[in-house]
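One file, upload_1.pdb, is given below (PDB, C-alpha atoms).
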ATOM      1  CA  MET A   1       4.114  48.170  91.919
ATOM      2  CA  ARG A   2       5.069  47.112  95.464
ATOM      3  CA  ALA A   3       8.400  45.721  94.260
ATOM      4  CA  ASP A   4       9.263  49.097  92.719
ATOM      5  CA  ARG A   5       8.250  50.853  95.938
ATOM      6  CA  LEU A   6      10.459  48.565  98.030
ATOM      7  CA  VAL A   7      13.423  49.286  95.762
ATOM      8  CA  SER A   8      12.736  53.023  95.992
ATOM      9  CA  LEU A   9      12.525  52.778  99.788
ATOM     10  CA  VAL A  10      15.937  51.084  99.989
ATOM     11  CA  LEU A  11      17.471  53.657  97.634
ATOM     12  CA  LEU A  12      16.094  56.560  99.678
ATOM     13  CA  LEU A  13      17.641  55.122 102.835
ATOM     14  CA  ARG A  14      20.924  54.516 101.000
ATOM     15  CA  GLN A  15      21.131  58.090  99.732
ATOM     16  CA  ARG A  16      19.728  60.063 102.669
ATOM     17  CA  GLY A  17      20.537  57.937 105.666
ATOM     18  CA  ARG A  18      18.119  57.773 108.576
ATOM     19  CA  MET A  19      14.522  58.756 107.700
ATOM     20  CA  THR A  20      11.278  58.679 109.646
ATOM     21  CA  ALA A  21       8.256  56.694 108.525
ATOM     22  CA  GLU A  22       6.380  59.945 107.892
ATOM     23  CA  THR A  23       9.142  61.326 105.649
ATOM     24  CA  LEU A  24       9.346  58.063 103.714
ATOM     25  CA  ALA A  25       5.570  58.063 103.320
ATOM     26  CA  ARG A  26       5.649  61.540 101.770
ATOM     27  CA  GLU A  27       8.452  60.612  99.373
ATOM     28  CA  LEU A  28       6.751  57.380  98.282
ATOM     29  CA  GLU A  29       3.236  58.880  98.280
ATOM     30  CA  VAL A  30       1.820  56.187 100.552
ATOM     31  CA  SER A  31       0.660  56.032 104.180
ATOM     32  CA  ALA A  32       3.015  55.655 107.154
ATOM     33  CA  ARG A  33       1.348  52.311 107.888
ATOM     34  CA  THR A  34       2.283  51.098 104.398
ATOM     35  CA  VAL A  35       5.885  52.159 105.018
ATOM     36  CA  LEU A  36       5.977  50.127 108.239
ATOM     37  CA  ARG A  37       4.677  47.058 106.396
ATOM     38  CA  ASP A  38       7.319  47.573 103.702
ATOM     39  CA  ILE A  39      10.050  47.828 106.333
ATOM     40  CA  GLU A  40       8.914  44.496 107.808
ATOM     41  CA  ALA A  41       8.947  42.920 104.332
ATOM     42  CA  LEU A  42      12.494  44.151 103.696
ATOM     43  CA  SER A  43      13.705  42.811 107.036
ATOM     44  CA  ALA A  44      12.127  39.435 106.315
ATOM     45  CA  ALA A  45      13.899  39.387 102.933
ATOM     46  CA  GLY A  46      17.278  39.948 104.590
ATOM     47  CA  VAL A  47      17.769  43.639 103.818
ATOM     48  CA  PRO A  48      19.676  45.103 106.825
ATOM     49  CA  VAL A  49      17.211  47.845 107.769
ATOM     50  CA  TYR A  50      16.813  48.741 111.442
ATOM     51  CA  ALA A  51      14.872  51.203 113.592
ATOM     52  CA  GLU A  52      16.434  53.869 115.792
ATOM     53  CA  ARG A  53      14.292  55.008 118.722
ATOM     54  CA  GLY A  54      14.075  58.446 120.264
ATOM     55  CA  ARG A  55      13.336  62.010 119.237
ATOM     56  CA  HIS A  56      15.658  61.905 116.216
ATOM     57  CA  GLY A  57      15.001  58.258 115.399
ATOM     58  CA  GLY A  58      13.857  56.632 112.209
ATOM     59  CA  PHE A  59      14.848  53.824 109.891
ATOM     60  CA  ALA A  60      18.302  53.236 108.455
ATOM     61  CA  LEU A  61      20.418  50.667 106.620
ATOM     62  CA  LEU A  62      23.648  49.163 107.852
ATOM     63  CA  PRO A  63      26.553  51.244 106.440
ATOM     64  CA  ASP A  64      28.043  48.379 104.415
ATOM     65  CA  PHE A  65      24.853  47.728 102.440
ATOM     66  CA  GLN A  66      25.491  49.152  98.957
ATOM     67  CA  THR A  67      25.712  48.409  95.261
ATOM     68  CA  ALA A  68      28.317  49.554  92.765
ATOM     69  CA  LEU A  69      28.242  50.780  89.189
ATOM     70  CA  THR A  70      31.727  50.811  87.708
ATOM     71  CA  GLY A  71      33.144  52.058  84.432
ATOM     72  CA  LEU A  72      31.410  55.467  84.406
ATOM     73  CA  ASN A  73      33.467  58.644  84.426
ATOM     74  CA  HIS A  74      32.181  62.011  85.662
ATOM     75  CA  ASP A  75      30.907  63.244  82.283
ATOM     76  CA  GLU A  76      29.150  59.945  81.536
ATOM     77  CA  ALA A  77      27.376  60.027  84.895
ATOM     78  CA  LEU A  78      26.444  63.678  84.321
ATOM     79  CA  ALA A  79      25.043  62.813  80.881
ATOM     80  CA  LEU A  80      22.741  60.225  82.462
ATOM     81  CA  LEU A  81      21.475  62.691  85.049
ATOM     82  CA  VAL A  82      20.878  65.406  82.447
ATOM     83  CA  ALA A  83      19.050  62.955  80.166
ATOM     84  CA  GLY A  84      16.859  62.046  83.110
ATOM     85  CA  SER A  85      15.863  65.677  83.568
ATOM     86  CA  ARG A  86      14.165  65.933  80.171
ATOM     87  CA  ARG A  87      10.376  65.748  80.100
ATOM     88  CA  GLY A  88       9.889  63.555  77.033
ATOM     89  CA  ALA A  89       9.319  60.543  79.293
ATOM     90  CA  GLN A  90       6.287  62.293  80.781
ATOM     91  CA  LEU A  91       4.642  62.460  77.355
ATOM     92  CA  PHE A  92       5.061  58.735  76.835
ATOM     93  CA  GLY A  93       3.794  57.723  80.282
ATOM     94  CA  LEU A  94       7.252  56.860  81.616
ATOM     95  CA  GLY A  95       7.627  59.599  84.221
ATOM     96  CA  SER A  96       7.488  57.354  87.284
ATOM     97  CA  ALA A  97       9.741  54.760  85.651
ATOM     98  CA  LEU A  98      12.287  57.472  84.828
ATOM     99  CA  ALA A  99      12.283  58.778  88.400
ATOM    100  CA  SER A 100      12.853  55.276  89.753
ATOM    101  CA  ALA A 101      15.619  54.592  87.222
ATOM    102  CA  MET A 102      17.464  57.814  88.092
ATOM    103  CA  LEU A 103      17.326  56.936  91.795
ATOM    104  CA  LYS A 104      18.970  53.609  90.978
ATOM    105  CA  VAL A 105      21.644  55.218  88.797
ATOM    106  CA  VAL A 106      22.545  57.786  91.447
ATOM    107  CA  ASP A 107      22.621  55.159  94.193
ATOM    108  CA  ALA A 108      24.864  52.823  92.214
ATOM    109  CA  LEU A 109      27.523  55.458  91.491
ATOM    110  CA  PRO A 110      30.665  55.433  93.634
ATOM    111  CA  GLU A 111      30.240  57.862  96.527
ATOM    112  CA  GLY A 112      32.650  60.567  95.348
ATOM    113  CA  LEU A 113      31.342  60.480  91.792
ATOM    114  CA  ARG A 114      27.745  60.511  93.043
ATOM    115  CA  ASP A 115      28.231  63.771  94.931
ATOM    116  CA  THR A 116      30.069  65.672  92.186
ATOM    117  CA  ALA A 117      27.803  64.500  89.353
ATOM    118  CA  ALA A 118      24.629  65.278  91.285
ATOM    119  CA  ASP A 119      25.914  68.767  92.141
ATOM    120  CA  ALA A 120      26.849  69.417  88.514
ATOM    121  CA  ALA A 121      23.433  68.251  87.304
ATOM    122  CA  ARG A 122      21.759  70.757  89.626
ATOM    123  CA  ARG A 123      23.637  73.515  87.783
ATOM    124  CA  LEU A 124      22.122  72.602  84.405
ATOM    125  CA  LEU A 125      18.510  73.392  83.476
ATOM    126  CA  ILE A 126      17.107  71.673  80.400
ATOM    127  CA  ASP A 127      13.946  72.937  78.663
ATOM    128  CA  PRO A 128      12.435  75.153  81.391
ATOM    129  CA  GLU A 129       8.703  75.809  81.296
ATOM    130  CA  THR A 130       9.181  79.444  80.183
ATOM    131  CA  ASP A 131      11.779  81.313  78.143
ATOM    132  CA  LEU A 132      13.224  84.798  78.708
ATOM    133  CA  LEU A 133      10.098  86.381  77.237
ATOM    134  CA  SER A 134       7.949  84.514  79.785
ATOM    135  CA  ARG A 135       6.374  82.420  77.041
ATOM    136  CA  ARG A 136       5.125  79.256  78.667
ATOM    137  CA  MET A 137       5.597  75.912  76.968
ATOM    138  CA  ALA A 138       2.473  74.056  78.038
ATOM    139  CA  ALA A 139       3.058  70.310  78.170
ATOM    140  CA  GLU A 140       0.114  68.188  77.078
ATOM    141  CA  GLU A 141      -1.601  66.066  79.681
ATOM    142  CA  MET A 142      -2.461  62.494  78.696
ATOM    143  CA  PRO A 143      -3.763  59.641  80.870
ATOM    144  CA  ASP A 144      -0.930  57.208  81.609
ATOM    145  CA  ALA A 145      -3.159  54.212  80.873
ATOM    146  CA  ILE A 146      -3.873  55.399  77.315
ATOM    147  CA  VAL A 147      -0.258  56.265  76.567
ATOM    148  CA  ALA A 148       0.912  52.946  78.041
ATOM    149  CA  GLU A 149      -1.466  51.042  75.733
ATOM    150  CA  VAL A 150      -0.163  52.964  72.707
ATOM    151  CA  ARG A 151       3.423  52.384  73.800
ATOM    152  CA  ARG A 152       2.898  48.640  74.233
ATOM    153  CA  ALA A 153       1.453  48.304  70.729
ATOM    154  CA  VAL A 154       4.381  50.259  69.242
ATOM    155  CA  PHE A 155       6.997  48.090  70.963
ATOM    156  CA  ALA A 156       5.172  44.777  70.435
ATOM    157  CA  GLY A 157       4.488  45.465  66.760
ATOM    158  CA  HIS A 158       0.740  44.902  67.114
ATOM    159  CA  LYS A 159      -2.151  46.719  65.494
ATOM    160  CA  LEU A 160      -3.690  49.472  67.603
ATOM    161  CA  ARG A 161      -7.295  50.608  67.870
ATOM    162  CA  ILE A 162      -7.672  54.251  68.915
ATOM    163  CA  HIS A 163     -10.638  56.514  69.613
ATOM    164  CA  TYR A 164      -9.353  59.700  68.018
ATOM    165  CA  ALA A 165     -10.727  63.248  68.027
ATOM    166  CA  ALA A 166      -9.447  64.969  64.881
ATOM    167  CA  VAL A 167      -9.756  68.761  64.633
ATOM    168  CA  GLY A 168     -13.282  69.786  63.701
ATOM    169  CA  GLN A 169     -14.582  66.197  63.611
ATOM    170  CA  ALA A 170     -16.515  63.950  65.968
ATOM    171  CA  PRO A 171     -14.299  61.325  67.692
ATOM    172  CA  LYS A 172     -14.283  57.946  65.983
ATOM    173  CA  TRP A 173     -12.452  54.623  66.211
ATOM    174  CA  ARG A 174      -9.560  53.860  63.878
ATOM    175  CA  THR A 175      -7.381  50.749  63.546
ATOM    176  CA  VAL A 176      -3.772  51.623  62.703
ATOM    177  CA  ASP A 177      -0.352  50.018  62.326
ATOM    178  CA  PRO A 178       1.880  51.890  64.816
ATOM    179  CA  ILE A 179       5.415  52.757  63.734
ATOM    180  CA  GLY A 180       6.874  54.973  66.465
ATOM    181  CA  LEU A 181       6.425  57.801  68.961
ATOM    182  CA  VAL A 182       7.785  61.334  68.589
ATOM    183  CA  THR A 183       7.914  64.241  71.047
ATOM    184  CA  VAL A 184       8.287  67.817  69.743
ATOM    185  CA  ARG A 185       8.113  70.912  71.970
ATOM    186  CA  GLU A 186       6.169  69.190  74.751
ATOM    187  CA  GLN A 187       3.748  67.543  72.294
ATOM    188  CA  GLY A 188       3.608  63.818  71.622
ATOM    189  CA  TYR A 189       2.730  62.162  68.307
ATOM    190  CA  LEU A 190       2.085  58.630  67.108
ATOM    191  CA  LEU A 191       3.435  57.804  63.651
ATOM    192  CA  ALA A 192       1.416  55.019  62.065
ATOM    193  CA  LYS A 193       0.004  53.591  58.859
ATOM    194  CA  ARG A 194      -3.702  53.213  58.146
ATOM    195  CA  ALA A 195      -4.802  51.175  55.141
ATOM    196  CA  GLY A 196      -1.205  51.457  53.910
ATOM    197  CA  GLU A 197      -1.126  55.262  54.079
ATOM    198  CA  ASP A 198       1.109  57.320  56.388
ATOM    199  CA  ARG A 199      -0.767  58.890  59.299
ATOM    200  CA  THR A 200       0.291  61.115  62.212
ATOM    201  CA  TYR A 201      -1.849  61.282  65.358
ATOM    202  CA  ARG A 202      -1.478  63.749  68.219
ATOM    203  CA  LEU A 203      -1.405  61.767  71.460
ATOM    204  CA  SER A 204      -3.433  64.350  73.384
ATOM    205  CA  ARG A 205      -6.343  63.698  70.985
ATOM    206  CA  VAL A 206      -6.376  59.939  71.613
ATOM    207  CA  LEU A 207      -9.358  59.424  73.926
ATOM    208  CA  ALA A 208      -8.949  55.654  74.302
ATOM    209  CA  ALA A 209      -6.603  52.976  72.971
ATOM    210  CA  GLU A 210      -6.613  49.196  72.678
ATOM    211  CA  GLU A 211      -3.681  47.001  71.649
ATOM    212  CA  LEU A 212      -4.822  44.190  69.349
ATOM    213  CA  ASP A 213      -3.332  40.715  68.994
ATOM    214  CA  GLU A 214      -2.932  41.036  65.219
ATOM    215  CA  PRO A 215       0.612  41.883  64.021
ATOM    216  CA  ALA A 216       1.058  45.366  62.590
ATOM    217  CA  GLN A 217       1.785  45.713  58.878
ATOM    218  CA  ARG A 218       4.979  47.747  59.037
ATOM    219  CA  PRO A 219       8.665  47.546  57.983
ATOM    220  CA  GLU A 220      11.002  45.586  60.231
ATOM    221  CA  THR A 221      13.239  48.638  60.679
ATOM    222  CA  VAL A 222      12.470  52.337  60.657
ATOM    223  CA  ASP A 223      14.417  55.598  60.465
ATOM    224  CA  LEU A 224      12.090  57.569  62.711
ATOM    225  CA  ASP A 225      13.899  60.875  62.210
ATOM    226  CA  ARG A 226      13.620  60.598  58.433
ATOM    227  CA  ALA A 227       9.962  59.523  58.657
ATOM    228  CA  TRP A 228       9.166  62.557  60.798
ATOM    229  CA  GLN A 229      10.955  64.948  58.443
ATOM    230  CA  GLU A 230       9.080  63.557  55.430
ATOM    231  CA  ARG A 231       5.701  63.897  57.140
ATOM    232  CA  ASN A 232       6.580  67.372  58.337
ATOM    233  CA  ALA A 233       7.399  68.436  54.769
ATOM    234  CA  ARG A 234       4.161  66.963  53.408
ATOM    235  CA  PHE A 235       2.150  68.652  56.155
ATOM    236  CA  ARG A 236       3.554  72.095  55.360
ATOM    237  CA  THR A 237       3.035  71.890  51.625
ATOM    238  CA  GLY A 238       0.035  69.603  51.182
ATOM    239  CA  GLY A 239      -3.566  70.493  50.391
ATOM    240  CA  ASP A 240      -4.888  74.042  50.641
ATOM    241  CA  LYS A 241      -2.918  74.956  53.776
ATOM    242  CA  VAL A 242      -1.856  78.574  54.121
ATOM    243  CA  ALA A 243       1.469  79.808  55.527
ATOM    244  CA  VAL A 244       1.282  83.216  57.215
ATOM    245  CA  LEU A 245       4.042  85.482  58.496
ATOM    246  CA  VAL A 246       2.526  87.404  61.383
ATOM    247  CA  ARG A 247       3.710  89.986  63.895
ATOM    248  CA  VAL A 248       2.018  89.405  67.257
ATOM    249  CA  ASN A 249       1.896  90.864  70.755
ATOM    250  CA  PRO A 250       3.611  88.315  73.082
ATOM    251  CA  ALA A 251       0.607  88.454  75.397
ATOM    252  CA  ARG A 252      -1.518  86.974  72.596
ATOM    253  CA  ARG A 253       1.018  84.443  71.371
ATOM    254  CA  GLU A 254      -0.537  81.386  73.044
ATOM    255  CA  HIS A 255      -4.004  82.214  71.721
ATOM    256  CA  LEU A 256      -2.716  82.611  68.177
ATOM    257  CA  VAL A 257      -0.736  79.368  68.315
ATOM    258  CA  GLY A 258      -3.803  77.610  69.686
ATOM    259  CA  THR A 259      -5.811  78.515  66.569
ATOM    260  CA  ALA A 260      -3.080  77.528  64.077
ATOM    261  CA  LEU A 261      -2.219  74.070  62.797
ATOM    262  CA  ALA A 262       1.522  74.509  63.297
ATOM    263  CA  VAL A 263       4.287  76.999  64.051
ATOM    264  CA  CYS A 264       7.161  76.680  61.579
ATOM    265  CA  ALA A 265       9.395  79.487  62.884
ATOM    266  CA  GLU A 266       9.439  82.060  65.639
ATOM    267  CA  GLU A 267      11.696  84.950  66.593
ATOM    268  CA  ALA A 268      11.603  87.984  68.883
ATOM    269  CA  HIS A 269      12.244  91.522  67.626
ATOM    270  CA  ALA A 270      13.623  94.627  69.291
ATOM    271  CA  ASP A 271      10.167  96.206  69.448
ATOM    272  CA  GLY A 272       9.128  93.496  71.930
ATOM    273  CA  TRP A 273       6.742  91.766  69.542
ATOM    274  CA  LEU A 274       7.165  88.296  68.015
ATOM    275  CA  ARG A 275       7.313  87.206  64.405
ATOM    276  CA  LEU A 276       5.788  83.796  63.732
ATOM    277  CA  ASN A 277       5.488  81.732  60.589
ATOM    278  CA  VAL A 278       2.295  79.744  61.160
ATOM    279  CA  ILE A 279       0.212  77.282  59.143
ATOM    280  CA  PHE A 280      -3.570  77.434  58.816
ATOM    281  CA  GLN A 281      -5.977  74.909  57.311
ATOM    282  CA  ASP A 282      -7.051  77.194  54.452
ATOM    283  CA  SER A 283      -7.659  80.856  53.572
ATOM    284  CA  ARG A 284     -10.917  81.067  55.543
ATOM    285  CA  HIS A 285      -9.260  79.596  58.623
ATOM    286  CA  ALA A 286      -6.359  82.056  58.351
ATOM    287  CA  GLU A 287      -8.609  85.090  57.968
ATOM    288  CA  TRP A 288     -10.878  84.045  60.835
ATOM    289  CA  ALA A 289      -7.954  83.328  63.192
ATOM    290  CA  LEU A 290      -6.107  86.590  62.531
ATOM    291  CA  TRP A 291      -9.293  88.667  62.748
ATOM    292  CA  GLN A 292      -9.748  87.517  66.356
ATOM    293  CA  HIS A 293      -6.566  89.334  67.393
ATOM    294  CA  ALA A 294      -7.549  92.809  66.167
ATOM    295  CA  MET A 295      -4.674  95.229  66.907
ATOM    296  CA  ASP A 296      -2.596  92.579  68.728
ATOM    297  CA  ALA A 297      -1.491  90.975  65.448
ATOM    298  CA  GLU A 298      -0.396  92.171  62.028
ATOM    299  CA  VAL A 299      -0.159  89.953  58.966
ATOM    300  CA  LEU A 300       3.096  90.657  57.111
ATOM    301  CA  ALA A 301       2.513  88.104  54.344
ATOM    302  CA  PRO A 302       0.813  86.987  52.175
ATOM    303  CA  GLN A 303      -0.421  90.202  50.636
ATOM    304  CA  TRP A 304      -3.889  88.878  49.761
ATOM    305  CA  LEU A 305      -4.555  88.150  53.448
ATOM    306  CA  ARG A 306      -3.536  91.690  54.447
ATOM    307  CA  ALA A 307      -5.914  93.073  51.831
ATOM    308  CA  SER A 308      -8.723  90.778  52.913
ATOM    309  CA  LEU A 309      -8.395  91.812  56.568
ATOM    310  CA  CYS A 310      -8.247  95.481  55.596
ATOM    311  CA  ASP A 311     -11.432  95.096  53.526
ATOM    312  CA  ARG A 312     -13.161  93.473  56.472
ATOM    313  CA  ALA A 313     -11.982  96.248  58.813
ATOM    314  CA  ALA A 314     -13.213  98.892  56.361
ATOM    315  CA  ALA A 315     -16.624  97.216  56.203
ATOM    316  CA  VAL A 316     -16.882  97.206  60.009
ATOM    317  CA  ALA A 317     -15.756 100.845  60.187
ATOM    318  CA  ALA A 318     -18.356 101.797  57.565
ATOM    319  CA  ARG A 319     -21.087 100.190  59.611
ATOM    320  CA  TYR A 320     -20.116 101.749  62.945
ATOM    321  CA  GLY A 321     -18.512 105.019  61.863
ATOM    322  CA  SER A 322     -18.581 107.723  59.205
ATOM    323  CA  PRO A 323     -17.660 107.044  55.563
ATOM    324  CA  SER A 324     -14.619 109.307  55.900
ATOM    325  CA  ARG A 325     -13.329 107.222  58.789
ATOM    326  CA  ALA A 326     -13.736 104.027  56.755
ATOM    327  CA  ALA A 327     -11.664 105.547  53.960
ATOM    328  CA  ARG A 328      -8.656 105.813  56.252
ATOM    329  CA  CYS A 329      -7.890 102.093  55.816
ATOM    330  CA  PRO A 330      -6.162 101.837  52.420
ATOM    331  CA  VAL A 331      -5.119  98.502  51.002
ATOM    332  CA  PRO A 332      -1.295  98.276  51.386
ATOM    333  CA  ASP A 333       0.903  98.065  48.308
TER     334      ASP A 333
END

Translate this file's structure into structure tokens.
Amino acid sequence: MRADRLVSLVLLLRQRGRMTAETLARELEVSARTVLRDIEALSAAGVPVYAERGRHGGFALLPDFQTALTGLNHDEALALLVAGSRRGAQLFGLGSALASAMLKVVDALPEGLRDTAADAARRLLIDPETDLLSRRMAAEEMPDAIVAEVRRAVFAGHKLRIHYAAVGQAPKWRTVDPIGLVTVREQGYLLAKRAGEDRTYRLSRVLAAEELDEPAQRPETVDLDRAWQERNARFRTGGDKVAVLVRVNPARREHLVGTALAVCAEEAHADGWLRLNVIFQDSRHAEWALWQHAMDAEVLAPQWLRASLCDRAAAVAARYGSPSRAARCPVPD
């Protein structure tokens, strides 16, 4: 890690000019004493870094110390900077590596191109945390060490042992053949095979991971996009899963999504409410989840679920109110 920090230190001095030890320490998330030791190491290695004394002093590089990256035009450089702004790397434990790589790319650009591309990148925002309806896209938090172990097994083509907490089940160990990693709407997934069968594991539910020495049993090549689409189709149509079209108060959107297995479609309407097409495990799961939202959600389809919720509401009204009040809840056509 020290080698990466030394490179980052040099790039900071290249891009910003003179900087104090305290400022460098904050940027590198180390102590000022560590920065001073790093400066000494760079000097010993022949990097032309020098100290300027006085009130506005600090450390700087000689002006002629630079690298060059040729062959990139403005749009190509901008594409690299925009790609570096996406948060998929965070899900796969590559956030710090991405930050270091982008520093190197920016530093290696010719000076004029560096300034214009960096300014243009600041005028583009990719995947903000909230949309215009203030709906927050909550990124999943996963320990870097676990994700790094999963990533190594995927790239090395080795079997992977994971301690996985499936929904509604006690965590248990599984040995899988990893195929690839997918990120969708701030959620990361591991595509794998287990005993020859396709499996999809949510990375946030992996509690521990161990790369094994044994080679994974998997095809030499993979079309990851096609594999994801096939699994997505099987997930939506397989088993006893129930698809529900629901109208929901935006304030309760996150809670509803948290109880569902998946969100297949979503749109906002002029009345300020949202329409979501969500998937539940089965009919009991769907009825339980929608009942929790009372007047903040309305099932639009399927009809049997509307009728079931109305029957339940009528039973509650009969218990707590008069019979005439219970009769006011007819089953819709």

For Ala243 of chain A: contacts at 9 Å, all atoms listed in the file, fewer than 2 positions along chain excluded, given as a PyMOL selection string:
chain A and resi 236-237+241+245+264+277-280+282+286+301-302

Please write as a PyMOL selection string the full residue list that the PyMOL selection byres ((chain A and resi 157-162) around 8) yields on this file.
chain A and resi 150+153-156+163-164+173-179+206-217

In Å to one decimal, how far is atom CA of Ala317 of chain A from atom CA of Ala260 of chain A?
26.8 Å

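Of note, atom CA of Asn249 of chain A and atom CA of Met295 of chain A are spaced 8.8 Å apart.
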
Contacts of segment 266-269 of chain A at 10 Å or less, counting only C-alpha atoms, minus same-chain residues fewer than 3 places along, as a ChimeraX atom specification?
/A:133,245-248,250,263,272-278

Can you turn the PyMOL selection byres ((chain A and resi 290) around 10) into a concrete residue list for this file, as a count of residues only?
23

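Interatomic distance, atom CA of Asp38 of chain A against atom CA of Val10 of chain A: 10.0 Å.
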
Your completed segment 145-152 of chain A with all heavy atoms, as a PDB file, in the coordinates of the input:
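Everything below was put into selection-v4.pdb:
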ATOM      1  N   ALA A 145      -2.655  55.499  81.357  1.00  0.00           N
ATOM      2  CA  ALA A 145      -3.159  54.212  80.873  1.00  0.00           C
ATOM      3  C   ALA A 145      -3.285  54.203  79.354  1.00  0.00           C
ATOM      4  O   ALA A 145      -2.969  53.195  78.699  1.00  0.00           O
ATOM      5  CB  ALA A 145      -4.515  53.912  81.512  1.00  0.00           C
ATOM      6  N   ILE A 146      -3.727  55.322  78.771  1.00  0.00           N
ATOM      7  CA  ILE A 146      -3.873  55.399  77.315  1.00  0.00           C
ATOM      8  C   ILE A 146      -2.508  55.385  76.645  1.00  0.00           C
ATOM      9  O   ILE A 146      -2.260  54.643  75.688  1.00  0.00           O
ATOM     10  CB  ILE A 146      -4.649  56.662  76.921  1.00  0.00           C
ATOM     11  CG1 ILE A 146      -6.099  56.576  77.416  1.00  0.00           C
ATOM     12  CG2 ILE A 146      -4.614  56.868  75.402  1.00  0.00           C
ATOM     13  CD1 ILE A 146      -6.920  57.819  77.120  1.00  0.00           C
ATOM     14  N   VAL A 147      -1.587  56.198  77.163  1.00  0.00           N
ATOM     15  CA  VAL A 147      -0.258  56.265  76.567  1.00  0.00           C
ATOM     16  C   VAL A 147       0.456  54.920  76.701  1.00  0.00           C
ATOM     17  O   VAL A 147       1.165  54.482  75.788  1.00  0.00           O
ATOM     18  CB  VAL A 147       0.573  57.385  77.219  1.00  0.00           C
ATOM     19  CG1 VAL A 147       1.969  57.441  76.606  1.00  0.00           C
ATOM     20  CG2 VAL A 147      -0.123  58.725  77.038  1.00  0.00           C
ATOM     21  N   ALA A 148       0.271  54.250  77.838  1.00  0.00           N
ATOM     22  CA  ALA A 148       0.912  52.946  78.041  1.00  0.00           C
ATOM     23  C   ALA A 148       0.397  51.933  77.029  1.00  0.00           C
ATOM     24  O   ALA A 148       1.164  51.109  76.506  1.00  0.00           O
ATOM     25  CB  ALA A 148       0.655  52.456  79.458  1.00  0.00           C
ATOM     26  N   GLU A 149      -0.903  51.970  76.716  1.00  0.00           N
ATOM     27  CA  GLU A 149      -1.466  51.042  75.733  1.00  0.00           C
ATOM     28  C   GLU A 149      -0.890  51.323  74.349  1.00  0.00           C
ATOM     29  O   GLU A 149      -0.542  50.393  73.598  1.00  0.00           O
ATOM     30  CB  GLU A 149      -2.988  51.184  75.719  1.00  0.00           C
ATOM     31  CG  GLU A 149      -3.702  50.080  74.975  1.00  0.00           C
ATOM     32  CD  GLU A 149      -3.751  48.761  75.748  1.00  0.00           C
ATOM     33  OE1 GLU A 149      -3.306  48.731  76.911  1.00  0.00           O
ATOM     34  OE2 GLU A 149      -4.234  47.769  75.166  1.00  0.00           O
ATOM     35  N   VAL A 150      -0.772  52.598  73.989  1.00  0.00           N
ATOM     36  CA  VAL A 150      -0.163  52.964  72.707  1.00  0.00           C
ATOM     37  C   VAL A 150       1.288  52.497  72.657  1.00  0.00           C
ATOM     38  O   VAL A 150       1.747  51.916  71.664  1.00  0.00           O
ATOM     39  CB  VAL A 150      -0.251  54.488  72.484  1.00  0.00           C
ATOM     40  CG1 VAL A 150       0.525  54.894  71.231  1.00  0.00           C
ATOM     41  CG2 VAL A 150      -1.701  54.938  72.382  1.00  0.00           C
ATOM     42  N   ARG A 151       2.007  52.753  73.741  1.00  0.00           N
ATOM     43  CA  ARG A 151       3.423  52.384  73.800  1.00  0.00           C
ATOM     44  C   ARG A 151       3.616  50.875  73.658  1.00  0.00           C
ATOM     45  O   ARG A 151       4.520  50.410  72.937  1.00  0.00           O
ATOM     46  CB  ARG A 151       4.015  52.874  75.117  1.00  0.00           C
ATOM     47  CG  ARG A 151       5.534  52.783  75.199  1.00  0.00           C
ATOM     48  CD  ARG A 151       6.046  53.376  76.490  1.00  0.00           C
ATOM     49  NE  ARG A 151       5.633  52.617  77.658  1.00  0.00           N
ATOM     50  CZ  ARG A 151       4.856  53.067  78.636  1.00  0.00           C
ATOM     51  NH1 ARG A 151       4.363  54.291  78.568  1.00  0.00           N
ATOM     52  NH2 ARG A 151       4.544  52.299  79.659  1.00  0.00           N
ATOM     53  N   ARG A 152       2.774  50.101  74.320  1.00  0.00           N
ATOM     54  CA  ARG A 152       2.898  48.640  74.233  1.00  0.00           C
ATOM     55  C   ARG A 152       2.684  48.155  72.807  1.00  0.00           C
ATOM     56  O   ARG A 152       3.406  47.270  72.321  1.00  0.00           O
ATOM     57  CB  ARG A 152       1.888  47.981  75.177  1.00  0.00           C
ATOM     58  CG  ARG A 152       2.314  47.982  76.636  1.00  0.00           C
ATOM     59  CD  ARG A 152       1.434  47.041  77.458  1.00  0.00           C
ATOM     60  NE  ARG A 152       0.064  47.538  77.562  1.00  0.00           N
ATOM     61  CZ  ARG A 152      -0.366  48.298  78.543  1.00  0.00           C
ATOM     62  NH1 ARG A 152       0.463  48.687  79.503  1.00  0.00           N
ATOM     63  NH2 ARG A 152      -1.627  48.694  78.594  1.00  0.00           N
TER      64      ARG A 152
END
